[in-house]
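> Can you keep this structure in mind? I'll have questions shortly.
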Amino acid sequence: MKQTTIAIIGAGSVGSTTAYSLMLNNVTSKIIMVDNNEKRSEAETEDLSDALPFNRTKTIQTGTYKQAGQADIAIICAGAAQQPGQTRMDLLTANVDIISSILDKMAPISKDLILIMVSNPVDILTQLAQNLTGLPKNQVIGSGTLLDTDRWRGYIRSEIGIAEQSIHAYIIDNHGKDQVPVISSASIAGTPLTNYLSTEKLQELADKAKNKAAHLIDNKQCTQFGIASCVTALCASIVFNQKLVLPVVSFSEEYQVYMSLPITLGAQGVGQNITIALSEDEKKALNTSAKNLQDAFKTIK
């Protein structure tokens, strides 16, 4: 295993589950847990350390924000949690202050750090993080619509009985109400997905994917396993230079804003921007949402 240090900032349900997922998948040799609540962080670290003999992660420890700033990868999961009835955008004001404080405490930040934002609203907070740290844009990403895409593919699989890995369908744009399911170019082995399911059914399944988080929060107060698995996939693609094509929050030169679009992800962070074929309606929705993200970011400057 490559000797890699991953810092997780925020030892709540998402942060601790992400640490466990990284360990189970043998992604990193060392994990540092950082949280304002030191007792919580220490307890999670002690609990997770009991799993060390069963995988190839050698070290898990509590640490400081400054140590996180010198890690190979830093994952920010801290922030106000979404409550029943709230949207991700409702968290903006509180989480801007929290993320700004975290990044300030992480300084000085290694010039080689790759920063992964998980806190919501992830699109805007990812852009904030890049602005505040001055890290190269390719080294600052957000989890974005990867989980939404995973959920959509899962619902499609249940309808047609074909594995998610063979379903080439993406939800892009905004990790929230404005997300865009790309139905027009979705396919299986080069065959349009609309040969299997109607456009209306695919939209219905995309809406179900979009609303799943709210359903889970209403019933268990959080989501943790799916997002932890997504973040683990991001870290693995970076650590092992897999260059997977993933719909994550990255900087779009075309739209001049951070938003979820397919990119390749490797050892240097974002590699290629993958151009996805869109219908006119999908382009219009993407343009509208990009403008909304730009306007939202201006409110925090």
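So you can find residues: chains in the structure tokens are A, B, ... in the order shown, residues in each start at 1, and ligands are numbered from 1 in order.
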Stretch 60-72 of chain A: which residues within 6 Å, counting only C-alpha atoms, same-chain residues fewer than 2 positions away excluded, as a list of chain:residue names?

A:Thr5, A:Ile6, A:Ala7, A:Lys30, A:Ile31, A:Ile32, A:Met33, A:Val34, A:Thr45, A:Lys105, A:Met106, A:Ile109, A:Ser110, A:Leu113

> With stretch 95-101 of chain A as the partner and 12 Å as the cut-off, tabulate the residues of stretch 10-61 of chain A that qualify, each row holding the nearest pair of atoms and their distance in Å to one decimal, using only C-alpha atoms, sorted by chain and rising number, as a Markdown table.


```
| residue | atom | partner | partner_atom | distance |
| --- | --- | --- | --- | --- |
| A:Gly10 | CA | A:Ile99 | CA | 10.9 |
| A:Asp35 | CA | A:Ile98 | CA | 11.8 |
| A:Asn36 | CA | A:Ile98 | CA | 10.8 |
```

> Could you take the residues named above and write them with N, CA and C atoms, as a compact mmCIF listing (two decimals), in the first residue's frame?


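Output file again_5.txt follows:
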```
# COMPACT_ATOMS: atom_id res chain seq x y z
N GLY A 10 -14.15 16.53 11.13
CA GLY A 10 -15.54 16.27 11.48
C GLY A 10 -15.70 14.80 11.82
N ASP A 35 -11.65 17.13 15.21
CA ASP A 35 -12.97 17.64 15.53
C ASP A 35 -12.85 18.62 16.68
N ASN A 36 -13.70 19.64 16.69
CA ASN A 36 -13.73 20.57 17.82
C ASN A 36 -14.06 19.86 19.12
```

> Select, from A:Lys39, A:Lys58, A:Lys220, A:Lys111, the residue with the minimum atom-to-atom distance to A:Leu135, counting only C-alpha atoms.

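Among the listed residues, A:Lys111 lies closest to A:Leu135.
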
> Write out as a PyMOL selection string the residues lying within 7 Å of stretch 152-154 of chain A, counting only C-alpha atoms and excluding same-chain residues fewer than 6 positions away.

chain A and resi 164+167+169+205-206+209

> Can you write out the residues you just picked, keeping C-alpha atoms, as a CSV table (one decimal), in the first residue's frame?


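Writing the result to out24.csv gives the following:
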```csv
chain,number,residue,atom,x,y,z
A,164,GLU,CA,-25.0,-0.2,-12.0
A,167,ILE,CA,-25.3,1.8,-16.7
A,169,ALA,CA,-26.1,7.6,-16.7
A,205,LEU,CA,-36.4,7.6,-10.8
A,206,ALA,CA,-34.2,10.7,-10.9
A,209,ALA,CA,-32.9,9.8,-6.1
```

> I'd like the interatomic distance between atom CA of A:Ser198 and atom CA of A:Pro247, to a tenth of an Å.

23.3 Å

> Contacts of A:Val270 at 9 Å or less, counting only C-alpha atoms, minus same-chain residues fewer than 6 places along, as a short mmCIF file (atom, residue, chain, number, x, y, z; two decimals) with N, CA and C atoms, in the first residue's frame?


```cif
data_model
loop_
_atom_site.label_atom_id
_atom_site.label_comp_id
_atom_site.auth_asym_id
_atom_site.auth_seq_id
_atom_site.Cartn_x
_atom_site.Cartn_y
_atom_site.Cartn_z
N LYS A 137 -6.98 24.87 -8.63
CA LYS A 137 -8.37 24.44 -8.77
C LYS A 137 -8.50 22.93 -8.92
N ASN A 138 -7.52 22.29 -9.55
CA ASN A 138 -7.61 20.85 -9.75
C ASN A 138 -7.45 20.06 -8.45
N GLN A 139 -7.00 20.74 -7.38
CA GLN A 139 -6.77 20.06 -6.11
C GLN A 139 -7.91 20.28 -5.10
N VAL A 140 -8.96 20.97 -5.51
CA VAL A 140 -10.09 21.22 -4.61
C VAL A 140 -11.36 20.73 -5.29
N ILE A 141 -11.97 19.71 -4.70
CA ILE A 141 -13.17 19.11 -5.29
C ILE A 141 -14.22 18.92 -4.20
N LYS A 243 -7.92 7.41 -12.24
CA LYS A 243 -8.46 8.26 -13.29
C LYS A 243 -9.88 7.85 -13.70
N SER A 250 -16.23 20.37 -9.36
CA SER A 250 -14.93 20.87 -9.80
C SER A 250 -15.16 22.19 -10.52
N ILE A 263 -15.57 14.37 -14.60
CA ILE A 263 -14.13 14.64 -14.76
C ILE A 263 -13.38 13.34 -14.49
N THR A 264 -12.10 13.30 -14.88
CA THR A 264 -11.27 12.19 -14.45
C THR A 264 -10.55 12.62 -13.18
#
```

> Find, counting only C-alpha atoms, the residue in A:Ala228, A:Leu246, A:Ile73, A:Leu293 that gets nearest to A:Ser16.

A:Ala228

> Where does DSSP see strand (DSSP E or B) in stretch 155-278 of chain A, if you list the residues as JSON, numbers by chain?

{"A": [168, 171, 172, 173, 180, 181, 187, 188, 191, 192, 244, 245, 246, 247, 248, 249, 250, 251, 252, 257, 258, 259, 260, 261, 262, 263, 264, 265, 266, 269, 270, 271, 272, 273]}

> Please, which residues of stretch 42-145 of chain A, numbered as in this document, come out helix (DSSP H, G or I) from DSSP, as a PyMOL selection string?

chain A and resi 42-49+52-54+65-69+88-106+122-133+137-139

> How about saving the chosen residues, N, CA and C atoms kept, as a compact mmCIF listing (two decimals), in the first residue's frame?


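Result file again37.txt:
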```txt
# COMPACT_ATOMS: atom_id res chain seq x y z
N GLU A 42 -11.73 11.50 20.00
CA GLU A 42 -10.92 10.47 20.66
C GLU A 42 -11.69 9.16 20.79
N ALA A 43 -12.98 9.26 21.13
CA ALA A 43 -13.79 8.05 21.27
C ALA A 43 -13.96 7.33 19.94
N GLU A 44 -14.22 8.09 18.87
CA GLU A 44 -14.36 7.47 17.55
C GLU A 44 -13.04 6.81 17.13
N THR A 45 -11.93 7.50 17.41
CA THR A 45 -10.62 6.97 17.04
C THR A 45 -10.32 5.68 17.80
N GLU A 46 -10.62 5.67 19.10
CA GLU A 46 -10.40 4.46 19.89
C GLU A 46 -11.24 3.30 19.38
N ASP A 47 -12.49 3.59 19.05
CA ASP A 47 -13.39 2.55 18.54
C ASP A 47 -12.88 2.02 17.20
N LEU A 48 -12.52 2.92 16.29
CA LEU A 48 -12.03 2.53 14.97
C LEU A 48 -10.71 1.77 15.06
N SER A 49 -9.90 2.09 16.04
CA SER A 49 -8.60 1.43 16.16
C SER A 49 -8.75 -0.07 16.40
N LEU A 52 -8.21 -2.04 13.22
CA LEU A 52 -6.90 -2.01 12.54
C LEU A 52 -6.32 -3.39 12.24
N PRO A 53 -6.42 -4.37 13.16
CA PRO A 53 -5.80 -5.67 12.86
C PRO A 53 -6.40 -6.39 11.65
N PHE A 54 -7.57 -5.92 11.20
CA PHE A 54 -8.27 -6.64 10.14
C PHE A 54 -8.13 -5.98 8.77
N TYR A 65 -5.86 20.59 13.45
CA TYR A 65 -6.16 21.19 12.15
C TYR A 65 -4.89 21.41 11.35
N LYS A 66 -3.83 21.81 12.02
CA LYS A 66 -2.57 22.05 11.31
C LYS A 66 -2.02 20.75 10.72
N GLN A 67 -2.18 19.64 11.42
CA GLN A 67 -1.77 18.36 10.87
C GLN A 67 -2.61 18.02 9.63
N ALA A 68 -3.88 18.34 9.70
CA ALA A 68 -4.75 18.10 8.54
C ALA A 68 -4.28 18.89 7.34
N GLY A 69 -3.80 20.10 7.58
CA GLY A 69 -3.31 20.94 6.48
C GLY A 69 -2.07 20.39 5.80
N ARG A 88 -30.38 21.88 1.54
CA ARG A 88 -28.94 22.04 1.72
C ARG A 88 -28.55 23.52 1.71
N MET A 89 -29.27 24.32 0.90
CA MET A 89 -28.95 25.75 0.83
C MET A 89 -29.27 26.47 2.14
N ASP A 90 -30.18 25.91 2.95
CA ASP A 90 -30.49 26.52 4.24
C ASP A 90 -29.29 26.51 5.18
N LEU A 91 -28.30 25.67 4.88
CA LEU A 91 -27.12 25.55 5.74
C LEU A 91 -26.03 26.55 5.38
N LEU A 92 -26.23 27.32 4.31
CA LEU A 92 -25.15 28.13 3.75
C LEU A 92 -24.52 29.08 4.76
N THR A 93 -25.31 29.92 5.40
CA THR A 93 -24.74 30.94 6.28
C THR A 93 -23.93 30.33 7.41
N ALA A 94 -24.50 29.33 8.08
CA ALA A 94 -23.80 28.70 9.20
C ALA A 94 -22.53 28.01 8.75
N ASN A 95 -22.60 27.31 7.63
CA ASN A 95 -21.45 26.51 7.22
C ASN A 95 -20.35 27.33 6.56
N VAL A 96 -20.68 28.47 6.00
CA VAL A 96 -19.63 29.36 5.49
C VAL A 96 -18.71 29.77 6.63
N ASP A 97 -19.30 30.14 7.76
CA ASP A 97 -18.49 30.54 8.92
C ASP A 97 -17.67 29.37 9.45
N ILE A 98 -18.28 28.19 9.52
CA ILE A 98 -17.58 27.02 10.05
C ILE A 98 -16.42 26.62 9.14
N ILE A 99 -16.66 26.56 7.84
CA ILE A 99 -15.61 26.15 6.90
C ILE A 99 -14.49 27.19 6.86
N SER A 100 -14.84 28.45 6.90
CA SER A 100 -13.82 29.51 6.91
C SER A 100 -12.91 29.37 8.12
N SER A 101 -13.50 29.09 9.28
CA SER A 101 -12.73 28.91 10.51
C SER A 101 -11.82 27.69 10.42
N ILE A 102 -12.34 26.60 9.88
CA ILE A 102 -11.54 25.37 9.73
C ILE A 102 -10.33 25.61 8.84
N LEU A 103 -10.55 26.23 7.71
CA LEU A 103 -9.45 26.46 6.76
C LEU A 103 -8.41 27.40 7.35
N ASP A 104 -8.87 28.37 8.13
CA ASP A 104 -7.93 29.28 8.79
C ASP A 104 -7.05 28.51 9.79
N LYS A 105 -7.65 27.58 10.53
CA LYS A 105 -6.91 26.80 11.52
C LYS A 105 -6.00 25.76 10.88
N MET A 106 -6.27 25.39 9.63
CA MET A 106 -5.43 24.41 8.93
C MET A 106 -4.13 25.02 8.42
N VAL A 122 -22.50 21.81 -0.87
CA VAL A 122 -21.14 21.40 -1.25
C VAL A 122 -20.58 22.20 -2.42
N ASP A 123 -21.42 22.57 -3.37
CA ASP A 123 -20.93 23.30 -4.55
C ASP A 123 -20.31 24.64 -4.14
N ILE A 124 -21.04 25.38 -3.33
CA ILE A 124 -20.60 26.72 -2.93
C ILE A 124 -19.43 26.64 -1.95
N LEU A 125 -19.49 25.69 -1.03
CA LEU A 125 -18.41 25.57 -0.05
C LEU A 125 -17.11 25.09 -0.69
N THR A 126 -17.20 24.31 -1.76
CA THR A 126 -15.99 23.91 -2.47
C THR A 126 -15.33 25.12 -3.11
N GLN A 127 -16.13 25.97 -3.73
CA GLN A 127 -15.58 27.19 -4.33
C GLN A 127 -15.00 28.11 -3.25
N LEU A 128 -15.68 28.21 -2.12
CA LEU A 128 -15.17 29.01 -1.01
C LEU A 128 -13.80 28.48 -0.56
N ALA A 129 -13.69 27.16 -0.44
CA ALA A 129 -12.43 26.55 0.02
C ALA A 129 -11.29 26.85 -0.94
N GLN A 130 -11.55 26.79 -2.23
CA GLN A 130 -10.49 27.09 -3.19
C GLN A 130 -10.08 28.56 -3.10
N ASN A 131 -11.05 29.43 -2.97
CA ASN A 131 -10.75 30.86 -2.86
C ASN A 131 -9.92 31.17 -1.61
N LEU A 132 -10.28 30.56 -0.49
CA LEU A 132 -9.61 30.88 0.77
C LEU A 132 -8.23 30.24 0.88
N THR A 133 -8.06 29.05 0.32
CA THR A 133 -6.77 28.37 0.43
C THR A 133 -5.79 28.77 -0.65
N LYS A 137 -6.98 24.87 -8.63
CA LYS A 137 -8.37 24.44 -8.77
C LYS A 137 -8.50 22.93 -8.92
N ASN A 138 -7.52 22.29 -9.55
CA ASN A 138 -7.61 20.85 -9.75
C ASN A 138 -7.45 20.06 -8.45
N GLN A 139 -7.00 20.74 -7.38
CA GLN A 139 -6.77 20.06 -6.11
C GLN A 139 -7.91 20.28 -5.10
```

> Can you measure atom CA of A:Phe240 to atom CA of A:Leu115 for me? One decimal in Å is fine.

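Separation between atom CA of A:Phe240 and atom CA of A:Leu115: 16.3 Å.
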
> Could you jot down the atom CA of A:Cys235 to atom CA of A:Val27 separation for me, Å, one decimal place?

7.2 Å

> Can you list, as a PyMOL selection string, every protein, DNA or RNA residue that comes within 9 Å of A:Cys230 when you count only C-alpha atoms, leaving out same-chain residues fewer than 6 positions away?

chain A and resi 18+143+146-147+150

> Store the residues of this selection in a file with N, CA and C atoms, as an mmCIF file, in the first residue's frame.


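And here is the file that came out, again_7.cif:
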```
data_model
loop_
_atom_site.group_PDB
_atom_site.id
_atom_site.type_symbol
_atom_site.label_atom_id
_atom_site.label_comp_id
_atom_site.auth_asym_id
_atom_site.auth_seq_id
_atom_site.Cartn_x
_atom_site.Cartn_y
_atom_site.Cartn_z
ATOM 1 N N THR A 18 -16.858 7.431 7.099
ATOM 2 C CA THR A 18 -15.862 7.547 6.031
ATOM 3 C C THR A 18 -14.543 6.923 6.460
ATOM 4 N N SER A 143 -17.845 16.370 -3.147
ATOM 5 C CA SER A 143 -18.498 15.082 -3.429
ATOM 6 C C SER A 143 -19.621 15.214 -4.450
ATOM 7 N N LEU A 146 -22.132 12.736 -7.167
ATOM 8 C CA LEU A 146 -21.736 11.331 -7.266
ATOM 9 C C LEU A 146 -22.740 10.435 -6.554
ATOM 10 N N LEU A 147 -23.174 10.834 -5.366
ATOM 11 C CA LEU A 147 -24.144 10.028 -4.626
ATOM 12 C C LEU A 147 -25.503 10.035 -5.314
ATOM 13 N N ASP A 150 -25.242 7.658 -8.129
ATOM 14 C CA ASP A 150 -25.253 6.288 -7.612
ATOM 15 C C ASP A 150 -26.673 5.847 -7.267
#
```
